[in-house]
file upload14.cif (mmCIF, C-alpha atoms)
data_work
#
loop_
_atom_site.label_atom_id
_atom_site.label_comp_id
_atom_site.auth_asym_id
_atom_site.auth_seq_id
_atom_site.Cartn_x
_atom_site.Cartn_y
_atom_site.Cartn_z
CA MET V 14 0.00 0.00 0.00
CA ILE V 15 1.11 3.57 -0.62
CA ALA V 16 2.20 5.18 2.64
CA ARG V 17 0.28 8.33 3.51
CA THR V 18 2.43 11.45 3.90
CA LEU V 19 -0.39 13.84 4.74
CA PHE V 20 -0.16 13.66 8.53
CA ASN V 21 2.77 14.49 10.80
CA ALA V 22 3.58 13.16 14.28
CA ASP V 23 1.38 15.76 15.97
CA HIS V 24 -1.60 14.72 13.87
CA GLU V 25 -1.04 11.08 14.76
CA SER V 26 -0.71 11.92 18.45
CA PHE V 27 -4.01 13.75 18.20
CA ARG V 28 -5.50 10.73 16.43
CA SER V 29 -4.46 8.49 19.30
CA ALA V 30 -5.99 10.83 21.88
CA PHE V 31 -9.24 11.22 19.95
CA HIS V 32 -9.44 7.47 19.41
CA LYS V 33 -9.34 7.00 23.19
CA PHE V 34 -12.09 9.61 23.58
CA VAL V 35 -14.22 7.74 21.04
CA ASP V 36 -13.62 4.42 22.77
CA LYS V 37 -14.68 5.86 26.12
CA GLU V 38 -17.40 8.39 25.32
CA ILE V 39 -18.97 7.23 22.04
CA ALA V 40 -18.46 3.53 21.25
CA PRO V 41 -20.25 2.11 24.34
CA PHE V 42 -23.35 4.24 23.74
CA HIS V 43 -23.77 4.56 19.98
CA ALA V 44 -26.09 1.57 19.58
CA ASP V 45 -28.41 3.01 22.22
CA TRP V 46 -28.29 6.39 20.49
CA GLU V 47 -29.37 4.70 17.27
CA GLU V 48 -32.41 3.36 19.09
CA GLN V 49 -33.38 6.76 20.52
CA GLY V 50 -32.64 8.64 17.29
CA TYR V 51 -30.08 11.13 18.60
CA VAL V 52 -26.86 11.22 20.58
CA ASP V 53 -26.90 12.40 24.17
CA ARG V 54 -26.19 16.09 24.54
CA GLU V 55 -23.52 15.34 27.12
CA VAL V 56 -21.15 14.02 24.46
CA TRP V 57 -21.07 17.48 22.91
CA ARG V 58 -20.07 19.07 26.20
CA LYS V 59 -17.41 16.43 26.82
CA ALA V 60 -16.01 16.94 23.33
CA GLY V 61 -15.84 20.69 23.92
CA THR V 62 -14.12 20.26 27.27
CA ASN V 63 -11.48 18.08 25.64
CA GLY V 64 -10.87 20.48 22.76
CA TYR V 65 -12.47 18.31 20.06
CA LEU V 66 -14.92 20.93 18.77
CA CYS V 67 -13.87 23.68 16.36
CA PRO V 68 -10.12 22.90 16.66
CA THR V 69 -9.36 24.87 13.50
CA MET V 70 -10.90 28.08 14.82
CA PRO V 71 -8.40 30.73 16.01
CA GLU V 72 -7.47 30.68 19.68
CA GLU V 73 -9.06 34.07 20.31
CA TYR V 74 -12.42 32.49 19.43
CA GLY V 75 -12.02 29.38 21.58
CA GLY V 76 -10.35 27.07 19.07
CA ALA V 77 -6.81 25.76 18.87
CA GLY V 78 -5.74 27.45 15.63
CA ALA V 79 -5.03 23.99 14.19
CA ASP V 80 -4.93 23.10 10.51
CA LYS V 81 -7.84 21.25 8.90
CA LEU V 82 -6.08 17.91 9.10
CA TYR V 83 -6.93 17.71 12.80
CA SER V 84 -10.59 17.76 11.85
CA VAL V 85 -9.89 15.23 9.09
CA VAL V 86 -8.42 12.93 11.75
CA GLN V 87 -11.70 13.14 13.67
CA MET V 88 -13.75 12.47 10.53
CA GLU V 89 -11.67 9.40 9.76
CA GLU V 90 -11.82 7.98 13.28
CA LEU V 91 -15.59 8.38 13.46
CA ALA V 92 -16.09 6.92 9.97
CA ARG V 93 -13.81 3.98 10.72
CA GLY V 94 -15.86 3.06 13.77
CA GLY V 95 -19.20 3.61 12.04
CA PHE V 96 -20.18 6.31 14.54
CA SER V 97 -22.35 8.16 12.07
CA GLY V 98 -24.54 9.84 14.69
CA ILE V 99 -21.82 12.26 15.74
CA GLY V 100 -22.32 15.62 14.03
CA PHE V 101 -18.99 17.18 15.03
CA GLY V 102 -17.84 17.62 11.42
CA LEU V 103 -20.76 19.77 10.32
CA HIS V 104 -20.61 21.76 13.55
CA SER V 105 -16.85 22.40 13.48
CA GLU V 106 -16.05 22.47 9.77
CA ILE V 107 -19.17 23.88 8.13
CA VAL V 108 -21.11 26.01 10.63
CA ALA V 109 -18.15 27.53 12.47
CA PRO V 110 -16.19 28.39 9.29
CA TYR V 111 -19.17 30.28 7.89
CA ILE V 112 -19.13 32.50 10.96
CA LEU V 113 -15.33 32.84 10.90
CA HIS V 114 -15.11 33.70 7.20
CA TYR V 115 -18.19 35.89 6.82
CA GLY V 116 -19.34 36.95 10.29
CA THR V 117 -18.87 40.35 11.84
CA GLU V 118 -16.40 40.59 14.70
CA GLU V 119 -19.30 40.78 17.16
CA GLN V 120 -20.83 37.60 15.67
CA LYS V 121 -17.50 35.76 15.92
CA GLN V 122 -17.07 36.79 19.54
CA ARG V 123 -20.64 35.87 20.39
CA TYR V 124 -20.84 32.42 18.83
CA LEU V 125 -17.50 30.80 18.08
CA PRO V 126 -16.35 30.31 21.71
CA ARG V 127 -19.73 28.80 22.59
CA LEU V 128 -19.55 26.43 19.62
CA ALA V 129 -16.00 25.43 20.59
CA SER V 130 -17.00 24.68 24.18
CA GLY V 131 -20.06 22.64 23.28
CA GLU V 132 -22.34 25.12 25.00
CA MET V 133 -24.03 25.58 21.62
CA VAL V 134 -24.62 23.01 18.87
CA GLY V 135 -24.63 24.41 15.35
CA ALA V 136 -26.58 23.50 12.22
CA ILE V 137 -27.08 24.94 8.77
CA ALA V 138 -30.52 24.97 7.20
CA MET V 139 -30.40 24.82 3.42
CA SER V 140 -32.70 22.03 2.19
CA GLU V 141 -36.43 22.54 1.96
CA PRO V 142 -39.29 20.19 1.09
CA ALA V 143 -39.18 21.47 -2.51
CA ALA V 144 -35.49 22.44 -2.76
CA GLY V 145 -32.60 20.10 -2.01
CA SER V 146 -29.55 20.25 -4.25
CA ASP V 147 -31.08 23.22 -6.10
CA LEU V 148 -30.30 25.96 -3.59
CA GLN V 149 -31.54 28.58 -6.01
CA GLY V 150 -35.03 27.15 -5.57
CA ILE V 151 -35.41 27.86 -1.85
CA ARG V 152 -38.66 29.54 -0.84
CA SER V 153 -37.97 30.66 2.73
CA THR V 154 -38.03 34.43 2.97
CA ALA V 155 -36.55 36.94 5.38
CA LEU V 156 -38.05 40.30 4.53
CA ARG V 157 -36.61 43.49 5.97
CA GLN V 158 -38.97 45.41 8.26
CA ALA V 159 -39.18 49.11 8.99
CA ASP V 160 -37.07 48.75 12.15
CA GLY V 161 -34.27 47.02 10.20
CA SER V 162 -35.04 43.51 11.44
CA TYR V 163 -36.00 40.59 9.18
CA LEU V 164 -39.25 38.62 9.29
CA LEU V 165 -38.32 35.00 8.56
CA ASN V 166 -40.88 32.54 7.21
CA GLY V 167 -40.48 29.08 5.77
CA SER V 168 -39.52 25.51 6.58
CA LYS V 169 -36.42 23.36 6.27
CA THR V 170 -35.97 19.61 6.24
CA PHE V 171 -33.19 16.99 6.50
CA ILE V 172 -31.27 19.27 8.88
CA THR V 173 -28.31 17.52 10.52
CA ASN V 174 -27.92 18.45 14.22
CA GLY V 175 -31.38 20.00 13.90
CA TRP V 176 -32.79 18.43 17.06
CA HIS V 177 -29.95 19.67 19.28
CA ALA V 178 -29.20 22.89 17.42
CA ASP V 179 -28.95 26.06 19.48
CA LEU V 180 -27.72 28.09 16.52
CA VAL V 181 -28.88 27.62 12.94
CA ILE V 182 -27.52 29.37 9.87
CA VAL V 183 -30.68 29.76 7.82
CA VAL V 184 -30.57 30.25 4.06
CA ALA V 185 -33.42 32.53 3.00
CA LYS V 186 -34.41 35.01 0.31
CA THR V 187 -34.06 38.60 1.48
CA ASN V 188 -34.91 39.78 -2.03
CA PRO V 189 -37.13 37.08 -3.57
CA ALA V 190 -37.40 38.92 -6.89
CA ALA V 191 -33.64 38.64 -7.43
CA GLY V 192 -33.50 34.83 -7.34
CA ALA V 193 -30.15 33.44 -6.18
CA LYS V 194 -28.77 36.99 -6.03
CA GLY V 195 -31.32 37.78 -3.34
CA THR V 196 -30.18 35.08 -0.90
CA SER V 197 -28.83 35.82 2.59
CA LEU V 198 -27.70 33.83 5.61
CA LEU V 199 -29.27 34.52 9.01
CA LEU V 200 -28.15 33.44 12.47
CA VAL V 201 -31.21 32.08 14.26
CA GLU V 202 -31.05 30.95 17.89
CA ARG V 203 -33.14 28.41 19.70
CA GLY V 204 -35.86 30.19 21.65
CA MET V 205 -36.57 32.95 19.15
CA PRO V 206 -40.38 33.29 19.00
CA GLY V 207 -41.76 31.49 15.97
CA PHE V 208 -38.79 29.14 15.56
CA GLU V 209 -39.84 25.54 16.15
CA THR V 210 -38.02 22.24 15.80
CA GLY V 211 -40.15 19.63 14.10
CA LYS V 212 -40.04 15.89 14.47
CA ARG V 213 -36.85 13.88 14.28
CA LEU V 214 -36.82 12.16 10.92
CA LYS V 215 -36.55 8.37 10.77
CA LYS V 216 -34.02 7.43 8.12
CA LEU V 217 -32.68 4.40 6.29
CA GLY V 218 -29.31 4.93 7.96
CA LEU V 219 -27.52 7.46 10.17
CA LYS V 220 -30.03 6.48 12.81
CA ALA V 221 -28.25 8.17 15.72
CA GLN V 222 -27.96 11.45 13.83
CA ASP V 223 -30.55 13.96 14.99
CA THR V 224 -31.91 14.95 11.59
CA SER V 225 -34.96 17.20 11.93
CA GLU V 226 -37.43 19.52 10.32
CA LEU V 227 -37.29 23.21 11.25
CA PHE V 228 -40.13 25.71 11.00
CA PHE V 229 -40.01 29.51 10.96
CA ASP V 230 -43.29 31.37 11.48
CA ASN V 231 -42.83 35.14 11.51
CA VAL V 232 -39.51 34.85 13.33
CA ARG V 233 -38.23 38.36 13.92
CA VAL V 234 -34.48 38.23 13.34
CA PRO V 235 -32.57 41.36 14.48
CA ALA V 236 -30.49 43.13 11.86
CA ASP V 237 -27.27 42.19 13.66
CA GLN V 238 -28.14 38.50 13.14
CA LEU V 239 -27.64 38.76 9.39
CA LEU V 240 -24.39 36.87 8.83
CA GLY V 241 -21.75 39.40 7.89
CA GLY V 242 -24.04 42.34 8.48
CA ALA V 243 -25.46 44.65 5.82
CA ALA V 244 -22.43 44.17 3.59
CA LEU V 245 -23.45 40.56 2.91
CA GLU V 246 -27.16 41.09 2.44
CA ASN V 247 -28.20 39.27 -0.74
CA ARG V 248 -24.72 37.70 -1.06
CA GLY V 249 -25.48 34.44 0.72
CA PHE V 250 -25.43 32.34 -2.44
CA VAL V 251 -21.85 33.43 -3.14
CA CYS V 252 -20.86 32.38 0.39
CA LEU V 253 -22.50 28.99 -0.06
CA MET V 254 -20.67 28.35 -3.33
CA GLU V 255 -17.32 29.32 -1.82
CA GLN V 256 -17.66 26.79 1.00
CA LEU V 257 -19.02 23.84 -0.97
CA PRO V 258 -15.63 22.45 -2.12
CA TRP V 259 -14.51 21.88 1.48
CA GLU V 260 -17.90 20.42 2.44
CA ARG V 261 -17.77 17.98 -0.48
CA THR V 262 -14.19 17.00 0.33
CA GLN V 263 -15.31 16.09 3.84
CA ILE V 264 -17.86 13.69 2.35
CA ALA V 265 -15.09 12.13 0.27
CA VAL V 266 -12.89 11.73 3.37
CA THR V 267 -15.58 9.81 5.21
CA ALA V 268 -16.44 7.75 2.13
CA VAL V 269 -12.88 6.50 1.76
CA GLU V 270 -12.41 5.75 5.45
CA ALA V 271 -15.74 3.96 5.75
CA SER V 272 -14.88 1.91 2.66
CA GLN V 273 -11.51 0.88 4.05
CA SER V 274 -13.12 -0.06 7.34
CA ALA V 275 -15.65 -2.22 5.51
CA ILE V 276 -12.88 -4.02 3.65
CA ASP V 277 -10.93 -4.60 6.87
CA GLN V 278 -14.03 -6.01 8.57
CA THR V 279 -14.75 -8.26 5.62
CA VAL V 280 -11.20 -9.57 5.38
CA ALA V 281 -11.39 -10.58 9.05
CA TYR V 282 -14.80 -12.19 8.53
CA VAL V 283 -13.89 -14.27 5.45
CA LYS V 284 -10.79 -15.59 7.20
CA ASP V 285 -12.85 -16.78 10.15
CA ARG V 286 -16.05 -17.94 8.43
CA HIS V 287 -15.98 -21.50 7.07
CA VAL V 288 -18.13 -22.78 4.20
CA PHE V 289 -17.91 -26.30 2.71
CA GLY V 290 -15.08 -27.11 5.09
CA GLN V 291 -12.82 -24.19 4.26
CA PRO V 292 -12.58 -20.46 5.02
CA VAL V 293 -14.56 -18.18 2.73
CA ALA V 294 -11.22 -16.47 2.05
CA ALA V 295 -9.98 -19.65 0.37
CA PHE V 296 -12.33 -19.15 -2.57
CA GLN V 297 -10.75 -17.36 -5.51
CA ASN V 298 -13.83 -15.22 -6.09
CA THR V 299 -13.58 -13.85 -2.54
CA ARG V 300 -9.91 -13.00 -2.83
CA TYR V 301 -10.21 -11.40 -6.25
CA LYS V 302 -13.24 -9.35 -5.29
CA LEU V 303 -11.47 -8.00 -2.22
CA ALA V 304 -8.38 -7.27 -4.32
CA GLU V 305 -10.51 -5.23 -6.72
CA LEU V 306 -12.15 -3.28 -3.90
CA GLN V 307 -8.85 -2.60 -2.13
CA THR V 308 -7.30 -1.32 -5.36
CA GLN V 309 -10.17 1.08 -5.95
CA VAL V 310 -10.11 2.36 -2.37
CA GLN V 311 -6.33 2.85 -2.56
CA VAL V 312 -6.77 4.93 -5.72
CA ALA V 313 -9.50 6.93 -4.01
CA ARG V 314 -7.32 7.49 -0.93
CA VAL V 315 -4.46 8.94 -2.98
CA PHE V 316 -6.81 11.26 -4.87
CA VAL V 317 -8.59 12.50 -1.75
CA ASP V 318 -5.30 13.05 0.06
CA LYS V 319 -4.20 15.19 -2.87
CA CYS V 320 -7.46 17.14 -2.61
CA LEU V 321 -6.73 17.70 1.08
CA GLU V 322 -3.28 19.05 0.21
CA LEU V 323 -5.00 21.52 -2.12
CA VAL V 324 -7.49 22.45 0.62
CA LEU V 325 -4.59 23.33 2.92
CA GLN V 326 -3.18 25.55 0.16
CA ASP V 327 -6.63 27.05 -0.54
CA LYS V 328 -6.33 25.82 -4.12
CA LEU V 329 -9.05 23.16 -4.38
CA ASP V 330 -11.51 24.08 -7.13
CA THR V 331 -15.19 23.22 -7.18
CA ALA V 332 -14.99 20.76 -10.08
CA THR V 333 -12.22 18.68 -8.48
CA ALA V 334 -14.05 18.59 -5.15
CA SER V 335 -17.16 17.46 -7.03
CA MET V 336 -15.15 14.67 -8.67
CA ALA V 337 -13.95 13.51 -5.27
CA LYS V 338 -17.41 13.61 -3.72
CA TYR V 339 -19.24 11.76 -6.47
CA TRP V 340 -16.60 9.15 -7.24
CA THR V 341 -15.81 8.18 -3.65
CA SER V 342 -19.44 8.05 -2.54
CA ASP V 343 -20.33 5.88 -5.55
CA LEU V 344 -17.38 3.67 -4.64
CA GLN V 345 -18.45 3.55 -1.00
CA CYS V 346 -21.85 2.17 -1.94
CA GLN V 347 -20.23 -0.39 -4.25
CA VAL V 348 -17.82 -1.50 -1.52
CA MET V 349 -20.59 -1.83 1.04
CA ASP V 350 -22.73 -3.90 -1.30
CA GLU V 351 -19.91 -6.30 -2.12
CA CYS V 352 -18.90 -6.61 1.54
CA VAL V 353 -22.47 -7.36 2.58
CA GLN V 354 -22.54 -10.09 -0.07
CA LEU V 355 -19.34 -11.63 1.30
CA HIS V 356 -20.86 -11.65 4.79
CA GLY V 357 -23.76 -13.75 3.52
CA GLY V 358 -26.84 -13.82 5.74
CA TYR V 359 -24.98 -12.11 8.56
CA GLY V 360 -24.54 -9.11 6.29
CA TYR V 361 -28.29 -8.54 6.56
CA MET V 362 -28.38 -8.49 10.36
CA TRP V 363 -28.54 -5.05 11.97
CA GLU V 364 -26.23 -5.97 14.86
CA VAL V 365 -23.41 -6.68 12.37
CA PRO V 366 -21.43 -3.46 11.67
CA ILE V 367 -21.29 -3.99 7.89
CA THR V 368 -25.09 -3.89 7.74
CA ARG V 369 -25.25 -0.49 9.42
CA ALA V 370 -22.39 0.74 7.23
CA TYR V 371 -24.39 -0.33 4.16
CA ALA V 372 -27.40 1.67 5.32
CA ASP V 373 -25.32 4.71 6.30
CA ALA V 374 -23.53 4.85 2.94
CA ARG V 375 -26.51 5.47 0.70
CA VAL V 376 -27.09 9.10 1.65
CA GLN V 377 -23.51 10.04 0.73
CA ARG V 378 -24.57 10.12 -2.92
CA ILE V 379 -27.38 12.56 -2.08
CA TYR V 380 -26.36 15.19 0.48
CA GLY V 381 -23.81 17.88 -0.24
CA GLY V 382 -25.38 17.98 -3.70
CA THR V 383 -26.49 14.81 -5.48
CA ASN V 384 -23.93 13.00 -7.58
CA GLU V 385 -25.88 13.98 -10.67
CA ILE V 386 -25.33 17.63 -9.69
CA MET V 387 -21.62 16.85 -9.18
CA LYS V 388 -21.38 15.63 -12.76
CA GLU V 389 -23.13 18.77 -13.97
CA VAL V 390 -20.59 20.91 -12.11
CA ILE V 391 -17.74 18.93 -13.69
CA THR V 392 -19.11 19.18 -17.22
CA ARG V 393 -19.55 22.93 -16.90
CA ALA V 394 -15.91 23.24 -15.85
CA MET V 395 -15.09 21.32 -19.03
CA GLY V 396 -17.00 23.86 -21.13
CA LEU V 397 -19.90 21.48 -21.69
CA GLY V 398 -22.58 23.32 -19.70
CA GLY V 399 -26.21 22.65 -20.51
CA LYS V 400 -29.15 24.97 -20.22
#
call {"tool": "encode", "arguments": {"input": "upload14.cif", "output": "structure tokens"}}
result
Amino acid sequence: MIARTLFNADHESFRSAFHKFVDKEIAPFHADWEEQGYVDREVWRKAGTNGYLCPTMPEEYGGAGADKLYSVVQMEELARGGFSGIGFGLHSEIVAPYILHYGTEEQKQRYLPRLASGEMVGAIAMSEPAAGSDLQGIRSTALRQADGSYLLNGSKTFITNGWHADLVIVVAKTNPAAGAKGTSLLLVERGMPGFETGKRLKKLGLKAQDTSELFFDNVRVPADQLLGGAALENRGFVCLMEQLPWERTQIAVTAVEASQSAIDQTVAYVKDRHVFGQPVAAFQNTRYKLAELQTQVQVARVFVDKCLELVLQDKLDTATASMAKYWTSDLQCQVMDECVQLHGGYGYMWEVPITRAYADARVQRIYGGTNEIMKEVITRAMGLGGK
């Protein structure tokens, strides 16, 4: 196998420490969290106390000023263990960066330390019942009032961390007539009158992840809760597009790690499981299939690691990130399907990790923009754009 050169000794030391945290605070409870449909809030506070939330935020805002690879380490450790209910990645590497990159100084001071400590859980509300990957089609509105505040109305669905969320970045139209150019991002806190959390959504996989509906009924959002202030009114769509490459790379990171974990589990299983008097691993079909899968995952690993190098240099373009997201998530689903097959009947039992990994994988081809949208992004970068 090609040795990875992405991480240094400090990253690996951090990996070891976080692995111990996962073993103590997450692994023993995750199955119960899957049954209840959300992780216990206490794990967020413990993660904050140990410095595992928002590590890449500057120290003056409660973070550690670390590079993004520290967050990648966390993503890999959680994906390897199949702990898909933990929403640290979205909280630390999507919500917090929006505030850091676009927020006013007052907004950074108000929210980032509380996100880093685990006092607040963050979410971002993009998808709506009639608008998923097509962010230009959102219908939620936030209309400016005479006193300068915004009146927010609309609903969101499929919101990760939505059940626990204390702070939600809401994508809404502040100038509906302008289409995408009339989109803004608003900082909405739990407890604002008219803001309600709907039911937790029951999903095919990610069963411990607190995915929820959110409803906004005449929520009066103060002017200083517009992300970035007046300067970024109607510029929310630009902000969203700027952050999507990193979001899609994170999906690719978890896809590769989950795929490798599935292969490792399956190799162990086929060595131990006997059929017709010999290990399943003794059959040529088993060995060749696993060789094919391992080759593809190795190729994916090298490509994604290169994408991460570009992220660190702030050079990763949208088309390349889209390639990584679509190809690795397609591969993840292929790997899971083949590994379930090699597990035989046990691969269909929920208590077997490969079964849960199979269910968790399917959404990777949908969120962050469907893989069909990824291909559209790539073709446009090639000069082949459609209508």
call {"tool": "resolve_selection", "arguments": {"input": "upload14.cif", "expression": "the PyMOL selection byres ((chain V and resi 24) around 12)", "output": "list in words"}}
result
Thr18, Leu19, Phe20, Asn21, Ala22, Asp23, Glu25, Ser26, Phe27, Arg28, Ser29, Ala30, Phe31, Ala79, Asp80, Lys81, Leu82, Tyr83, Ser84, Val85, Val86 and Gln87 of chain V
call {"tool": "residues_near_point", "arguments": {"input": "upload14.cif", "point": "(-20.3, -4.5, -4.3)", "cutoff": "12 Å", "atoms": "only C-alpha atoms", "output": "number ranges by chain"}}
result
V: 272, 275-276, 279, 299, 302-303, 305-307, 309, 343-356, 371
call {"tool": "residues_around", "arguments": {"input": "upload14.cif", "residues": "Gly75 in chain V", "least_positions_apart": "2", "cutoff": "9 Å", "atoms": "all atoms listed in the file", "output": "compact mmCIF listing (two decimals) with C-alpha atoms, in the frame of the given file"}}
result
# COMPACT_ATOMS: atom_id res chain seq x y z
CA CYS V 67 -13.87 23.68 16.36
CA PRO V 68 -10.12 22.90 16.66
CA MET V 70 -10.90 28.08 14.82
CA PRO V 71 -8.40 30.73 16.01
CA GLU V 72 -7.47 30.68 19.68
CA GLU V 73 -9.06 34.07 20.31
CA ALA V 77 -6.81 25.76 18.87
CA GLY V 78 -5.74 27.45 15.63
CA LEU V 125 -17.50 30.80 18.08
CA PRO V 126 -16.35 30.31 21.71
CA ARG V 127 -19.73 28.80 22.59
CA LEU V 128 -19.55 26.43 19.62
CA ALA V 129 -16.00 25.43 20.59
CA SER V 130 -17.00 24.68 24.18
call {"tool": "closest_residue", "arguments": {"input": "upload14.cif", "among": "V:Lys169, V:Arg157, V:Arg378, V:Arg213", "to": "Pro189 in chain V", "atoms": "all atoms listed in the file"}}
result
V:Arg157
call {"tool": "resolve_selection", "arguments": {"input": "upload14.cif", "expression": "the PyMOL selection byres ((chain V and resi 155) around 12)", "output": "ChimeraX atom specification"}}
result
/V:151-154,156-158,161-168,183-189,195-201,229-236,238-239,246-247
call {"tool": "axis_aligned_box", "arguments": {"input": "upload14.cif", "around": "range 308-320 of chain V", "padding_each_side": "8 Å", "output": "AutoDock Vina command-line options"}}
result
--center_x -7.2 --center_y 7.9 --center_z -2.9 --size_x 22.0 --size_y 34.5 --size_z 22.0
call {"tool": "resolve_selection", "arguments": {"input": "upload14.cif", "expression": "the PyMOL selection byres ((chain V and resi 208) around 7)", "output": "PyMOL selection string"}}
result
chain V and resi 204-207+209-210+228-230+232
call {"tool": "closest_residue", "arguments": {"input": "upload14.cif", "among": "V:Ala304, V:Val35, V:Val283, V:Met14", "to": "Glu90 in chain V", "atoms": "all atoms listed in the file"}}
result
V:Val35
call {"tool": "residues_near_point", "arguments": {"input": "upload14.cif", "point": "(-13.9, 20.9, -18.0)", "cutoff": "12 Å", "atoms": "all atoms listed in the file", "output": "PyMOL selection string"}}
result
chain V and resi 330-333+335-336+388-398
call {"tool": "decode", "arguments": {"input": "upload14.cif", "residues": "range 307-328 of chain V", "atoms": "N, CA and C atoms", "output": "mmCIF file, in the first residue's frame"}}
result
data_model
loop_
_atom_site.group_PDB
_atom_site.id
_atom_site.type_symbol
_atom_site.label_atom_id
_atom_site.label_comp_id
_atom_site.auth_asym_id
_atom_site.auth_seq_id
_atom_site.Cartn_x
_atom_site.Cartn_y
_atom_site.Cartn_z
ATOM 1 N N GLN V 307 -9.976 -3.251 -2.781
ATOM 2 C CA GLN V 307 -8.848 -2.598 -2.131
ATOM 3 C C GLN V 307 -8.097 -1.704 -3.109
ATOM 4 N N THR V 308 -7.963 -2.143 -4.351
ATOM 5 C CA THR V 308 -7.297 -1.315 -5.359
ATOM 6 C C THR V 308 -8.053 -0.010 -5.579
ATOM 7 N N GLN V 309 -9.366 -0.110 -5.710
ATOM 8 C CA GLN V 309 -10.169 1.082 -5.949
ATOM 9 C C GLN V 309 -10.116 2.037 -4.760
ATOM 10 N N VAL V 310 -10.157 1.503 -3.557
ATOM 11 C CA VAL V 310 -10.106 2.361 -2.372
ATOM 12 C C VAL V 310 -8.732 2.997 -2.229
ATOM 13 N N GLN V 311 -7.671 2.258 -2.593
ATOM 14 C CA GLN V 311 -6.331 2.850 -2.557
ATOM 15 C C GLN V 311 -6.219 4.016 -3.540
ATOM 16 N N VAL V 312 -6.758 3.845 -4.736
ATOM 17 C CA VAL V 312 -6.767 4.926 -5.722
ATOM 18 C C VAL V 312 -7.534 6.133 -5.179
ATOM 19 N N ALA V 313 -8.683 5.857 -4.579
ATOM 20 C CA ALA V 313 -9.496 6.933 -4.013
ATOM 21 C C ALA V 313 -8.751 7.652 -2.893
ATOM 22 N N ARG V 314 -8.058 6.897 -2.050
ATOM 23 C CA ARG V 314 -7.317 7.488 -0.935
ATOM 24 C C ARG V 314 -6.260 8.475 -1.443
ATOM 25 N N VAL V 315 -5.518 8.076 -2.451
ATOM 26 C CA VAL V 315 -4.463 8.942 -2.981
ATOM 27 C C VAL V 315 -5.069 10.224 -3.553
ATOM 28 N N PHE V 316 -6.171 10.088 -4.273
ATOM 29 C CA PHE V 316 -6.810 11.260 -4.867
ATOM 30 C C PHE V 316 -7.347 12.203 -3.791
ATOM 31 N N VAL V 317 -8.015 11.647 -2.796
ATOM 32 C CA VAL V 317 -8.592 12.498 -1.748
ATOM 33 C C VAL V 317 -7.487 13.155 -0.929
ATOM 34 N N ASP V 318 -6.410 12.428 -0.655
ATOM 35 C CA ASP V 318 -5.295 13.046 0.065
ATOM 36 C C ASP V 318 -4.714 14.214 -0.730
ATOM 37 N N LYS V 319 -4.662 14.072 -2.042
ATOM 38 C CA LYS V 319 -4.200 15.187 -2.870
ATOM 39 C C LYS V 319 -5.174 16.361 -2.777
ATOM 40 N N CYS V 320 -6.458 16.073 -2.776
ATOM 41 C CA CYS V 320 -7.460 17.140 -2.607
ATOM 42 C C CYS V 320 -7.264 17.849 -1.273
ATOM 43 N N LEU V 321 -6.952 17.092 -0.227
ATOM 44 C CA LEU V 321 -6.727 17.698 1.081
ATOM 45 C C LEU V 321 -5.487 18.591 1.067
ATOM 46 N N GLU V 322 -4.449 18.184 0.362
ATOM 47 C CA GLU V 322 -3.283 19.053 0.214
ATOM 48 C C GLU V 322 -3.688 20.376 -0.431
ATOM 49 N N LEU V 323 -4.542 20.307 -1.439
ATOM 50 C CA LEU V 323 -5.000 21.520 -2.116
ATOM 51 C C LEU V 323 -5.876 22.367 -1.196
ATOM 52 N N VAL V 324 -6.682 21.718 -0.357
ATOM 53 C CA VAL V 324 -7.486 22.454 0.623
ATOM 54 C C VAL V 324 -6.582 23.275 1.534
ATOM 55 N N LEU V 325 -5.510 22.647 2.018
ATOM 56 C CA LEU V 325 -4.592 23.335 2.924
ATOM 57 C C LEU V 325 -3.914 24.519 2.253
ATOM 58 N N GLN V 326 -3.782 24.450 0.928
ATOM 59 C CA GLN V 326 -3.180 25.546 0.163
ATOM 60 C C GLN V 326 -4.228 26.520 -0.369
ATOM 61 N N ASP V 327 -5.504 26.248 -0.040
ATOM 62 C CA ASP V 327 -6.628 27.052 -0.536
ATOM 63 C C ASP V 327 -6.652 27.074 -2.062
ATOM 64 N N LYS V 328 -6.382 25.913 -2.663
ATOM 65 C CA LYS V 328 -6.328 25.817 -4.124
ATOM 66 C C LYS V 328 -7.310 24.806 -4.696
#
